[in-house]
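**Student:** So that you have it, the file is start-v2.csv, and it contains CSV, C-alpha atoms:
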```csv
chain,number,residue,atom,x,y,z
A,73,MET,CA,-19.3,-12.3,-10.4
A,74,ARG,CA,-17.4,-14.8,-12.6
A,75,LEU,CA,-13.7,-15.1,-11.9
A,76,THR,CA,-11.1,-17.0,-13.8
A,77,ASP,CA,-7.4,-17.6,-13.3
A,78,GLY,CA,-6.6,-16.5,-16.9
A,79,THR,CA,-5.0,-19.8,-17.8
A,80,HIS,CA,-5.8,-19.3,-21.5
A,81,ALA,CA,-3.8,-16.1,-21.7
A,82,ARG,CA,-0.1,-15.9,-21.9
A,83,PRO,CA,1.5,-13.5,-19.4
A,84,PRO,CA,3.9,-10.9,-20.7
A,85,LYS,CA,7.6,-11.7,-20.3
A,86,HIS,CA,8.2,-8.4,-18.6
A,87,ARG,CA,6.0,-6.3,-16.4
A,88,GLU,CA,4.4,-3.6,-18.6
A,89,VAL,CA,5.1,0.1,-18.1
A,90,TYR,CA,1.5,1.0,-17.2
A,91,ILE,CA,1.5,-1.2,-14.1
A,92,ASP,CA,4.5,0.4,-12.6
A,93,ALA,CA,3.3,3.9,-13.8
A,94,PHE,CA,0.1,3.3,-11.9
A,95,ARG,CA,2.0,2.3,-8.8
A,96,GLY,CA,4.2,5.4,-9.2
A,97,LEU,CA,1.2,7.6,-9.6
A,98,MET,CA,-0.3,6.3,-6.3
A,99,ALA,CA,3.1,6.7,-4.6
A,100,LEU,CA,3.5,10.3,-5.9
A,101,ALA,CA,0.0,11.2,-4.7
A,102,MET,CA,0.8,9.6,-1.3
A,103,VAL,CA,4.0,11.6,-1.0
A,104,GLN,CA,2.1,14.8,-1.8
A,105,GLY,CA,-0.5,14.1,0.8
A,106,HIS,CA,2.1,13.3,3.5
A,107,VAL,CA,4.1,16.4,2.7
A,108,PHE,CA,1.1,18.7,2.9
A,109,ASP,CA,-0.4,17.0,6.0
A,110,THR,CA,2.9,17.2,7.8
A,111,LEU,CA,4.3,20.6,6.9
A,112,LEU,CA,1.3,22.8,6.6
A,113,THR,CA,0.1,24.9,9.5
A,114,PRO,CA,-3.0,23.7,11.4
A,115,GLU,CA,-4.9,26.7,10.2
A,116,ILE,CA,-4.4,25.8,6.5
A,117,ARG,CA,-5.3,22.2,7.2
A,118,ALA,CA,-8.6,23.2,8.8
A,119,ASP,CA,-9.6,25.2,5.8
A,120,SER,CA,-12.7,23.8,3.9
A,121,LEU,CA,-10.8,23.7,0.6
A,122,TYR,CA,-8.0,21.8,2.1
A,123,ARG,CA,-10.5,19.3,3.5
A,124,LEU,CA,-11.8,18.7,0.0
A,125,GLN,CA,-8.4,17.6,-1.2
A,126,VAL,CA,-8.1,15.3,1.9
A,127,ILE,CA,-11.3,13.6,0.8
A,128,ALA,CA,-9.9,13.2,-2.7
A,129,HIS,CA,-6.7,11.7,-1.2
A,130,GLY,CA,-8.9,9.0,0.4
A,131,THR,CA,-8.3,6.9,-2.8
A,132,THR,CA,-4.5,7.2,-2.7
A,133,ALA,CA,-3.9,4.6,0.0
A,134,PRO,CA,-6.4,2.1,-1.4
A,135,GLY,CA,-4.8,2.7,-4.8
A,136,PHE,CA,-1.3,2.0,-3.3
A,137,LEU,CA,-2.7,-1.3,-1.7
A,138,PHE,CA,-4.6,-2.3,-4.9
A,139,ALA,CA,-1.5,-1.8,-7.1
A,140,SER,CA,0.7,-3.9,-4.8
A,141,GLY,CA,-1.8,-6.7,-5.1
A,142,PHE,CA,-2.1,-6.3,-8.8
A,143,VAL,CA,1.6,-7.0,-9.3
A,144,ALA,CA,1.4,-9.9,-6.9
A,145,GLY,CA,-1.4,-11.5,-8.9
A,146,LEU,CA,0.5,-11.4,-12.2
A,147,PRO,CA,2.6,-14.6,-11.9
A,148,ARG,CA,1.1,-18.0,-12.6
A,149,SER,CA,-0.2,-19.6,-9.4
A,150,PRO,CA,0.2,-21.6,-7.3
A,151,LEU,CA,3.9,-20.8,-7.4
A,152,SER,CA,6.5,-23.5,-7.0
A,153,PHE,CA,7.8,-24.2,-3.5
A,154,ARG,CA,11.0,-22.2,-4.1
A,155,ALA,CA,9.2,-19.3,-5.6
A,156,SER,CA,6.7,-19.3,-2.7
A,157,ILE,CA,9.6,-19.2,-0.2
A,158,ARG,CA,11.2,-16.3,-2.1
A,159,ARG,CA,8.0,-14.3,-2.1
A,160,ALA,CA,7.3,-15.1,1.6
A,161,ARG,CA,10.8,-14.0,2.5
A,162,ARG,CA,10.3,-10.7,0.6
A,163,LEU,CA,6.9,-10.2,2.3
A,164,LEU,CA,8.4,-10.9,5.8
A,165,PHE,CA,11.1,-8.3,5.0
A,166,VAL,CA,8.3,-5.7,4.1
A,167,LEU,CA,6.5,-6.6,7.3
A,168,GLY,CA,9.7,-6.0,9.3
A,169,VAL,CA,10.4,-2.7,7.6
A,170,GLY,CA,6.8,-1.6,8.5
A,171,TYR,CA,7.5,-2.3,12.2
A,172,ALA,CA,11.0,-0.8,12.0
A,173,LEU,CA,9.5,2.5,10.8
A,174,HIS,CA,7.5,2.7,14.1
A,175,LEU,CA,10.3,1.8,16.5
A,176,PRO,CA,10.7,4.4,19.3
A,177,TYR,CA,14.3,3.3,20.0
A,178,LEU,CA,17.0,1.2,18.3
A,179,SER,CA,17.1,-1.1,21.3
A,180,LEU,CA,14.7,-3.9,22.3
A,181,TRP,CA,15.5,-3.4,25.9
A,182,LYS,CA,14.9,0.3,26.0
A,183,THR,CA,11.7,-0.1,24.0
A,184,LEU,CA,10.4,-2.6,26.5
A,185,ALA,CA,11.5,-0.5,29.5
A,186,GLN,CA,10.8,3.1,28.5
A,187,ALA,CA,8.3,3.2,25.6
A,188,THR,CA,5.4,5.3,26.5
A,189,PRO,CA,1.8,4.1,26.0
A,190,GLY,CA,1.6,6.3,22.9
A,191,GLU,CA,4.9,4.9,21.5
A,192,SER,CA,3.7,1.4,22.1
A,193,VAL,CA,0.4,2.1,20.3
A,194,ALA,CA,2.4,3.5,17.4
A,195,LEU,CA,4.8,0.5,17.3
A,196,PHE,CA,2.0,-2.0,17.0
A,197,ALA,CA,-0.2,0.0,14.6
A,198,CYS,CA,-1.1,-1.6,11.3
A,199,ASP,CA,0.2,0.6,8.5
A,200,ALA,CA,0.3,0.2,4.7
A,201,LEU,CA,3.3,-2.1,4.7
A,202,GLN,CA,1.9,-4.4,7.4
A,203,VAL,CA,-1.5,-4.9,5.7
A,204,ILE,CA,0.2,-5.5,2.3
A,205,ALA,CA,2.6,-8.1,3.7
A,206,VAL,CA,0.1,-9.9,5.9
A,207,THR,CA,-2.6,-10.0,3.2
A,208,GLN,CA,-0.3,-11.2,0.5
A,209,LEU,CA,1.1,-13.9,2.8
A,210,PHE,CA,-2.5,-15.1,3.3
A,211,VAL,CA,-3.0,-15.1,-0.4
A,212,LEU,CA,0.0,-17.4,-0.8
A,213,LEU,CA,-1.6,-19.8,1.7
A,214,VAL,CA,-4.9,-19.6,-0.2
A,215,GLN,CA,-3.1,-20.4,-3.5
A,216,TRP,CA,-1.5,-23.5,-2.0
A,217,LEU,CA,-4.7,-24.7,-0.4
A,218,VAL,CA,-7.2,-24.3,-3.3
A,219,GLY,CA,-4.9,-24.3,-6.3
A,220,ARG,CA,-6.3,-22.8,-9.5
A,221,ARG,CA,-9.5,-21.7,-7.8
A,222,TRP,CA,-7.6,-19.2,-5.7
A,223,THR,CA,-8.9,-16.2,-7.6
A,224,ALA,CA,-12.6,-17.1,-6.9
A,225,VAL,CA,-11.8,-17.7,-3.2
A,226,THR,CA,-9.8,-14.5,-2.9
A,227,GLY,CA,-12.5,-12.5,-4.5
A,228,VAL,CA,-15.1,-13.8,-2.1
A,229,LEU,CA,-12.7,-13.1,0.8
A,230,ALA,CA,-12.4,-9.5,-0.4
A,231,LEU,CA,-16.2,-9.1,-0.3
A,232,VAL,CA,-16.3,-10.7,3.1
A,233,VAL,CA,-13.7,-8.3,4.5
A,234,LEU,CA,-15.8,-5.4,3.1
A,235,ALA,CA,-19.1,-6.7,4.4
A,236,ALA,CA,-17.7,-7.5,7.9
A,237,GLY,CA,-15.8,-4.2,8.3
A,238,PRO,CA,-18.6,-2.1,9.9
A,239,GLY,CA,-19.4,-4.9,12.4
A,240,VAL,CA,-15.8,-5.5,13.4
A,241,TRP,CA,-15.3,-1.7,14.0
A,242,ALA,CA,-18.5,-1.4,15.9
A,243,ALA,CA,-17.7,-4.4,18.1
A,244,ARG,CA,-14.3,-2.8,19.1
A,245,LEU,CA,-12.7,-6.3,18.9
A,246,SER,CA,-9.2,-4.8,19.2
A,247,SER,CA,-9.8,-4.2,22.9
A,248,GLU,CA,-10.4,-7.9,23.5
A,249,VAL,CA,-7.1,-9.2,22.1
A,250,PRO,CA,-3.4,-8.3,22.6
A,251,PRO,CA,-2.5,-4.9,21.0
A,252,VAL,CA,-0.2,-6.5,18.4
A,253,LEU,CA,-3.2,-8.4,17.0
A,254,GLY,CA,-5.9,-5.9,17.8
A,255,ALA,CA,-4.1,-3.3,15.6
A,256,TYR,CA,-5.0,-5.4,12.6
A,257,LEU,CA,-8.8,-5.3,13.3
A,258,ASP,CA,-10.0,-1.7,13.5
A,259,ASP,CA,-8.8,1.9,14.0
A,260,LYS,CA,-9.4,2.0,17.7
A,261,ALA,CA,-5.8,0.8,18.4
A,262,GLY,CA,-4.2,3.6,16.4
A,263,SER,CA,-4.0,1.8,13.0
A,264,HIS,CA,-4.4,3.8,9.8
A,265,PHE,CA,-4.9,0.8,7.6
A,266,PRO,CA,-6.4,-2.2,9.6
A,267,VAL,CA,-7.3,-5.4,7.7
A,268,PHE,CA,-10.9,-4.4,7.9
A,269,PRO,CA,-11.5,-2.9,5.3
A,270,PHE,CA,-8.1,-2.2,3.7
A,271,SER,CA,-7.1,-5.8,3.2
A,272,ALA,CA,-9.9,-6.0,0.6
A,273,PHE,CA,-8.0,-3.6,-1.7
A,274,VAL,CA,-4.9,-5.9,-1.7
A,275,LEU,CA,-7.1,-9.0,-2.2
A,276,ALA,CA,-9.0,-7.3,-5.0
A,277,GLY,CA,-5.8,-6.2,-6.6
A,278,THR,CA,-4.4,-9.7,-6.7
A,279,VAL,CA,-7.6,-11.0,-8.4
A,280,ALA,CA,-7.4,-8.1,-10.9
A,281,GLY,CA,-3.7,-8.9,-11.6
A,282,ALA,CA,-4.5,-12.5,-12.3
A,283,THR,CA,-7.7,-12.1,-14.3
A,284,LEU,CA,-7.0,-8.8,-16.1
A,285,GLY,CA,-3.2,-8.2,-16.0
A,286,ARG,CA,-2.5,-11.4,-18.1
A,287,GLN,CA,-5.0,-10.6,-20.8
A,288,GLU,CA,-4.5,-9.0,-24.2
A,289,GLU,CA,-4.8,-5.3,-24.1
A,290,SER,CA,-8.2,-5.1,-25.8
A,291,VAL,CA,-9.7,-7.8,-23.5
A,292,ARG,CA,-8.2,-6.1,-20.5
A,293,ARG,CA,-9.6,-2.7,-21.5
A,294,ARG,CA,-13.1,-4.1,-22.1
A,295,ARG,CA,-13.2,-6.1,-18.9
A,296,SER,CA,-11.7,-3.2,-16.8
A,297,LEU,CA,-14.3,-0.7,-18.1
A,298,LEU,CA,-17.1,-3.2,-17.5
A,299,TRP,CA,-16.1,-4.2,-13.9
A,300,GLY,CA,-15.0,-0.7,-13.0
A,301,THR,CA,-18.4,0.7,-14.1
A,302,LEU,CA,-20.3,-2.1,-12.3
A,303,LEU,CA,-18.4,-1.5,-9.1
A,304,VAL,CA,-19.0,2.2,-9.2
A,305,LEU,CA,-22.7,1.6,-9.8
A,306,ALA,CA,-22.8,-1.0,-7.0
A,307,GLY,CA,-21.2,1.4,-4.6
A,308,ALA,CA,-23.6,4.2,-5.5
A,309,VAL,CA,-26.6,2.0,-5.2
A,310,ALA,CA,-25.5,0.6,-1.8
A,311,SER,CA,-24.6,4.0,-0.3
A,312,ALA,CA,-28.2,5.0,0.5
A,313,PRO,CA,-29.3,1.8,2.3
A,314,LEU,CA,-26.0,1.7,4.3
A,315,GLU,CA,-26.1,5.4,5.2
A,316,SER,CA,-28.1,4.8,8.4
A,317,PHE,CA,-25.7,2.1,9.7
A,318,VAL,CA,-22.2,3.2,8.8
A,319,ASP,CA,-20.3,6.4,8.0
A,320,PHE,CA,-19.9,6.6,4.2
A,321,TRP,CA,-16.4,8.2,4.5
A,322,GLY,CA,-15.2,5.5,6.9
A,323,VAL,CA,-15.6,1.8,6.8
A,324,SER,CA,-18.6,1.8,4.5
A,325,PRO,CA,-18.6,-1.1,1.9
A,326,ALA,CA,-20.3,1.3,-0.5
A,327,TYR,CA,-17.4,3.7,-0.4
A,328,ALA,CA,-14.9,0.9,-0.8
A,329,LEU,CA,-16.8,-0.4,-3.9
A,330,LEU,CA,-16.7,3.1,-5.4
A,331,ARG,CA,-13.0,3.3,-4.8
A,332,LEU,CA,-12.3,-0.1,-6.3
A,333,GLY,CA,-14.3,0.8,-9.4
A,334,GLY,CA,-12.6,4.1,-9.7
A,335,LEU,CA,-9.2,2.5,-9.4
A,336,LEU,CA,-10.0,0.0,-12.3
A,337,LEU,CA,-11.0,2.9,-14.5
A,338,LEU,CA,-8.0,5.0,-13.5
A,339,LEU,CA,-5.7,2.0,-14.3
A,340,GLN,CA,-7.1,2.1,-17.9
A,341,VAL,CA,-6.4,5.8,-18.1
A,342,VAL,CA,-2.8,5.2,-17.1
A,343,GLU,CA,-2.5,2.3,-19.6
A,344,ARG,CA,-3.8,4.5,-22.4
A,345,ALA,CA,-1.3,7.2,-21.5
A,346,ALA,CA,1.5,4.6,-21.4
A,347,ARG,CA,0.5,3.4,-24.9
A,348,GLY,CA,0.6,7.0,-26.1
A,349,LYS,CA,4.3,7.2,-25.0
A,350,SER,CA,3.6,10.0,-22.6
A,351,SER,CA,6.9,11.5,-21.3
A,352,LEU,CA,5.6,11.2,-17.7
A,353,MET,CA,5.3,7.4,-17.8
A,354,ARG,CA,8.9,6.5,-17.5
A,355,PRO,CA,9.6,8.6,-14.3
A,356,LEU,CA,6.3,7.3,-12.8
A,357,ALA,CA,7.2,3.7,-13.7
A,358,LEU,CA,10.6,4.2,-12.0
A,359,LEU,CA,8.9,5.4,-8.8
A,360,GLY,CA,6.5,2.5,-9.1
A,361,HIS,CA,9.2,-0.1,-9.6
A,362,GLU,CA,11.0,1.0,-6.4
A,363,THR,CA,7.9,1.8,-4.4
A,364,LEU,CA,9.2,0.4,-1.1
A,365,LEU,CA,12.3,2.6,-1.3
A,366,VAL,CA,10.3,5.6,-2.2
A,367,PHE,CA,7.9,4.9,0.7
A,368,VAL,CA,10.6,4.5,3.3
A,369,PHE,CA,12.8,7.4,2.1
A,370,HIS,CA,10.1,10.0,2.0
A,371,LEU,CA,8.9,9.0,5.5
A,372,TYR,CA,12.5,9.4,6.7
A,373,LEU,CA,12.7,12.9,5.2
A,374,LEU,CA,9.5,13.9,6.9
A,375,PHE,CA,9.5,12.0,10.2
A,376,GLY,CA,13.0,10.6,10.7
A,377,GLY,CA,13.5,7.4,12.6
A,378,VAL,CA,15.6,5.7,15.2
A,379,VAL,CA,18.8,6.1,13.1
A,380,ALA,CA,18.6,9.8,12.5
A,381,PRO,CA,16.2,12.8,13.0
A,382,ALA,CA,14.0,14.0,10.1
A,383,PRO,CA,15.8,16.4,7.8
A,384,LEU,CA,12.5,18.3,7.4
A,385,GLY,CA,11.5,18.0,11.1
A,386,ALA,CA,12.0,21.6,11.9
A,387,LEU,CA,9.3,22.6,9.3
A,388,VAL,CA,6.6,20.3,10.6
A,389,GLY,CA,3.3,22.2,11.1
A,390,ARG,CA,4.8,25.6,10.1
A,391,GLY,CA,4.7,25.8,6.3
A,392,THR,CA,2.6,27.8,4.0
A,393,LEU,CA,1.0,26.3,0.9
A,394,PHE,CA,3.7,27.8,-1.2
A,395,GLU,CA,6.5,26.4,1.0
A,396,ALA,CA,5.0,22.9,1.1
A,397,SER,CA,4.6,23.0,-2.7
A,398,ALA,CA,8.2,24.1,-3.1
A,399,ILE,CA,9.5,21.3,-0.8
A,400,LEU,CA,7.4,18.8,-2.7
A,401,THR,CA,8.8,20.0,-6.0
A,402,LEU,CA,12.3,19.6,-4.7
A,403,MET,CA,11.6,16.2,-3.1
A,404,VAL,CA,10.3,14.5,-6.2
A,405,PRO,CA,13.7,14.7,-8.2
A,406,VAL,CA,15.5,13.5,-5.0
A,407,LEU,CA,13.2,10.5,-4.8
A,408,LEU,CA,13.6,9.9,-8.5
A,409,ALA,CA,17.4,10.0,-8.2
A,410,VAL,CA,17.4,7.6,-5.2
A,411,ALA,CA,15.1,5.2,-7.1
A,412,TRP,CA,17.2,5.4,-10.2
A,413,ALA,CA,20.5,4.7,-8.4
A,414,TRP,CA,19.1,1.7,-6.5
A,415,HIS,CA,17.4,0.3,-9.6
A,416,ARG,CA,20.7,0.6,-11.5
A,417,VAL,CA,22.5,-1.3,-8.8
A,418,LYS,CA,20.0,-4.1,-8.8
A,419,VAL,CA,20.1,-4.4,-12.6
A,420,HIS,CA,23.9,-4.4,-13.0
A,421,ALA,CA,24.9,-6.0,-9.7
A,422,PRO,CA,22.0,-8.0,-8.4
A,423,HIS,CA,24.1,-10.3,-6.2
A,424,GLU,CA,25.9,-7.4,-4.6
A,425,ALA,CA,22.6,-5.6,-4.1
A,426,SER,CA,21.1,-8.6,-2.3
A,427,LEU,CA,24.2,-9.0,-0.2
A,428,GLY,CA,24.2,-5.3,0.7
A,429,LEU,CA,20.5,-5.4,1.7
A,430,ALA,CA,21.1,-8.6,3.8
A,431,PHE,CA,24.1,-6.9,5.5
A,432,VAL,CA,22.1,-3.8,6.4
A,433,THR,CA,19.2,-5.9,7.7
A,434,THR,CA,21.4,-8.1,9.8
A,435,LEU,CA,23.3,-5.1,11.2
A,436,GLY,CA,20.0,-3.4,12.1
A,437,LEU,CA,18.7,-6.5,13.8
A,438,PHE,CA,22.0,-7.1,15.7
A,439,GLU,CA,22.0,-3.5,17.0
A,440,PHE,CA,18.3,-3.7,18.0
A,441,LEU,CA,18.8,-7.0,19.9
A,442,THR,CA,22.1,-6.3,21.5
A,443,ARG,CA,22.2,-2.6,22.3
A,444,ALA,CA,21.5,-2.1,26.0
A,445,TRP,CA,20.2,1.5,25.8
```
Do you think you could lay out the structure here as structure tokens?
**Tutor:**
Amino acid sequence: MRLTDGTHARPPKHREVYIDAFRGLMALAMVQGHVFDTLLTPEIRADSLYRLQVIAHGTTAPGFLFASGFVAGLPRSPLSFRASIRRARRLLFVLGVGYALHLPYLSLWKTLAQATPGESVALFACDALQVIAVTQLFVLLVQWLVGRRWTAVTGVLALVVLAAGPGVWAARLSSEVPPVLGAYLDDKAGSHFPVFPFSAFVLAGTVAGATLGRQEESVRRRRSLLWGTLLVLAGAVASAPLESFVDFWGVSPAYALLRLGGLLLLLQVVERAARGKSSLMRPLALLGHETLLVFVFHLYLLFGGVVAPAPLGALVGRGTLFEASAILTLMVPVLLAVAWAWHRVKVHAPHEASLGLAFVTTLGLFEFLTRAW
């Protein structure tokens, strides 16, 4: 596999609509999956037809991770020192948000004294935001260490993560290290998205962003179709030999390769739709541009948090398919409105938006560290 850093191509001045539309599509599919999984009755979720859509949703989370990496790979690298500090600061904020969503109490001391074993497992679990932040911080380090060869090194690292995943899970390494570190290794510590194998989707996304996202449209389309097809074929060919050693629907490298290939092909479908001026692209792009806000806000609506209970908490596990669909239909415009409002604030008052975010973050940390109970 030949990788380049795309130095001969000039990156666009502004992020193109198709990139954010792709992120928005993954975010919207993620919201639908969470709404249905949370609100539907156990009987409906046990139905064979529903299980089929769960399998289809297996690509949603990898797509979310891949898209985050794609955007991170677009700027020229290695970044300047100041730009690296800014990105690292943003990624540390994302990491902090990931852990804040898992807090059992808005008090460090109460968390230390009263958190149950189950709450501690949930607190340390590696979720989507954690694996995105940690992986992209590692990519920053790689960029500084190897310079313009970072895409080749990162691509190899993605393959290593995929290949090592089954062995890491089988070895149950998470039980040999502290929980806060073990959660990043496998799913035995309660993590939904441990580094093995999900970090590979972020790594592959950054490589795709650097090598495809900067190219002219015709070049990008040709290379995306080529590599997407090759990855799908590689996953299909590898599935049979690996079947005896690893569950195909779990940590199998074959399944991951199929997902990656499918995501590259889907990205081209979204780009073609964006070029065709589809009316759905702008709303999807808005959701994609404010993915973090959409992610956090929809989780609050469904699960609540340490600040307030979930507005939809009373409906958990009680809804019919019609009721869950109706709630999803009502939730989407709410998410769009929140994303639009925050985007407008950032565009027209960026300094004030940054100050407001810093104030809320500082206030939350102060409460968490000083509240006795």
**Student:** Between atom CA of Leu217 of chain A and atom CA of Ala155 of chain A, what distance in Å does the model show, to one decimal?
**Tutor:**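 Distance reported for this atom pair: 15.8 Å.
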**Student:** Excluding segment 195-198 of chain A and its own-chain neighbours fewer than 3 positions away, which residues fall within 12 Å of it when counting only C-alpha atoms? Please give them as number ranges by chain.
**Tutor:** A: 167-177, 180, 183-184, 187-192, 201-207, 246, 250-268, 270-271
**Student:** I need the residue nearest Gly219 of chain A from this list: A:Ile157, A:Ala93, A:Ala411, A:Leu151. Use all atoms listed in the file for the distance.
**Tutor:**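 When distances to Gly219 of chain A are compared using all atoms listed in the file, the smallest one comes from A:Leu151.
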**Student:** If you count all atoms listed in the file, which residues fall within 12 Å of segment 406-408 of chain A, apart from same-chain ones fewer than 3 positions away, as a PyMOL selection string?
**Tutor:** chain A and resi 96+99-100+103+354-373+399-403+411-415
**Student:** May I have the residues from that selection written out with C-alpha atoms, as an mmCIF file, in the frame of the given file?
**Tutor:**
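Output file selection.cif follows:
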```
data_model
loop_
_atom_site.group_PDB
_atom_site.id
_atom_site.type_symbol
_atom_site.label_atom_id
_atom_site.label_comp_id
_atom_site.auth_asym_id
_atom_site.auth_seq_id
_atom_site.Cartn_x
_atom_site.Cartn_y
_atom_site.Cartn_z
ATOM 1 C CA GLY A 96 4.200 5.400 -9.200
ATOM 2 C CA ALA A 99 3.100 6.700 -4.600
ATOM 3 C CA LEU A 100 3.500 10.300 -5.900
ATOM 4 C CA VAL A 103 4.000 11.600 -1.000
ATOM 5 C CA ARG A 354 8.900 6.500 -17.500
ATOM 6 C CA PRO A 355 9.600 8.600 -14.300
ATOM 7 C CA LEU A 356 6.300 7.300 -12.800
ATOM 8 C CA ALA A 357 7.200 3.700 -13.700
ATOM 9 C CA LEU A 358 10.600 4.200 -12.000
ATOM 10 C CA LEU A 359 8.900 5.400 -8.800
ATOM 11 C CA GLY A 360 6.500 2.500 -9.100
ATOM 12 C CA HIS A 361 9.200 -0.100 -9.600
ATOM 13 C CA GLU A 362 11.000 1.000 -6.400
ATOM 14 C CA THR A 363 7.900 1.800 -4.400
ATOM 15 C CA LEU A 364 9.200 0.400 -1.100
ATOM 16 C CA LEU A 365 12.300 2.600 -1.300
ATOM 17 C CA VAL A 366 10.300 5.600 -2.200
ATOM 18 C CA PHE A 367 7.900 4.900 0.700
ATOM 19 C CA VAL A 368 10.600 4.500 3.300
ATOM 20 C CA PHE A 369 12.800 7.400 2.100
ATOM 21 C CA HIS A 370 10.100 10.000 2.000
ATOM 22 C CA LEU A 371 8.900 9.000 5.500
ATOM 23 C CA TYR A 372 12.500 9.400 6.700
ATOM 24 C CA LEU A 373 12.700 12.900 5.200
ATOM 25 C CA ILE A 399 9.500 21.300 -0.800
ATOM 26 C CA LEU A 400 7.400 18.800 -2.700
ATOM 27 C CA THR A 401 8.800 20.000 -6.000
ATOM 28 C CA LEU A 402 12.300 19.600 -4.700
ATOM 29 C CA MET A 403 11.600 16.200 -3.100
ATOM 30 C CA ALA A 411 15.100 5.200 -7.100
ATOM 31 C CA TRP A 412 17.200 5.400 -10.200
ATOM 32 C CA ALA A 413 20.500 4.700 -8.400
ATOM 33 C CA TRP A 414 19.100 1.700 -6.500
ATOM 34 C CA HIS A 415 17.400 0.300 -9.600
#
```
**Student:** Between A:Leu209, A:Ala224, A:Ala328, A:Ala272, which one has atoms that come closest to Leu164 of chain A, using all atoms listed in the file?
**Tutor:**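 Closest candidate: A:Leu209.
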**Student:** Work out how far apart atom CA of Pro147 of chain A and atom CA of Tyr90 of chain A are and give it in Å to one decimal.
**Tutor:** 16.5 Å
**Student:** Residues near Ala144 of chain A, anyone? I mean within 10 Å using all atoms listed in the file, not counting same-chain ones fewer than 6 positions away, as a list in words.
**Tutor:** Phe138, Arg159, Gln208, Val211, Leu212, Val274, Leu275, Gly277, Thr278, Val279, Ala280, Gly281 and Ala282 of chain A
**Student:** If you measure from atom CA of Thr442 of chain A to atom CA of Ser426 of chain A, what distance in Å do you get, rounded to one decimal?
**Tutor:**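 Distance reported for this atom pair: 23.9 Å.
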**Student:** Pick out the closest residue to Phe94 of chain A from this set: A:Gly436, A:Pro238, A:Pro269, A:Gly135. Count only C-alpha atoms.
**Tutor:**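 Closest candidate: A:Gly135.
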**Student:** Give the answer as one residue: which of A:Val89, A:Ala128, A:Val410, A:Val419 has the shortest atom-to-atom distance to Val342 of chain A, using only C-alpha atoms?
**Tutor:**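 Of the candidates, the smallest distance to Val342 of chain A is held by A:Val89.
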**Student:** Of the candidates A:Leu124, A:Ala101, A:Pro114, A:Asp92, which shows the shortest atom-to-atom distance to Val388 of chain A, using only C-alpha atoms?
**Tutor:**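 Of A:Leu124, A:Ala101, A:Pro114, A:Asp92, the one nearest Val388 of chain A, counting only C-alpha atoms, is A:Pro114.
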**Student:** Smallest atom-to-atom distance to Phe273 of chain A: which of A:Leu163, A:Leu387, A:Leu335, A:Leu137, using only C-alpha atoms?
**Tutor:**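 Of the candidates, the smallest distance to Phe273 of chain A is held by A:Leu137.
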**Student:** Within 12 Å of (-14.8, -6.3, -19.3), all atoms listed in the file: residues as a list in words?
**Tutor:**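 Here the neighbourhood of the point contains Met73, Arg74, Leu75, Ala280, Thr283, Leu284, Gln287, Glu288, Glu289, Ser290, Val291, Arg292, Arg293, Arg294, Arg295, Ser296, Leu297, Leu298, Trp299, Gly300, Thr301, Leu302, Leu303, Leu336, Leu337 and Gln340 of chain A.
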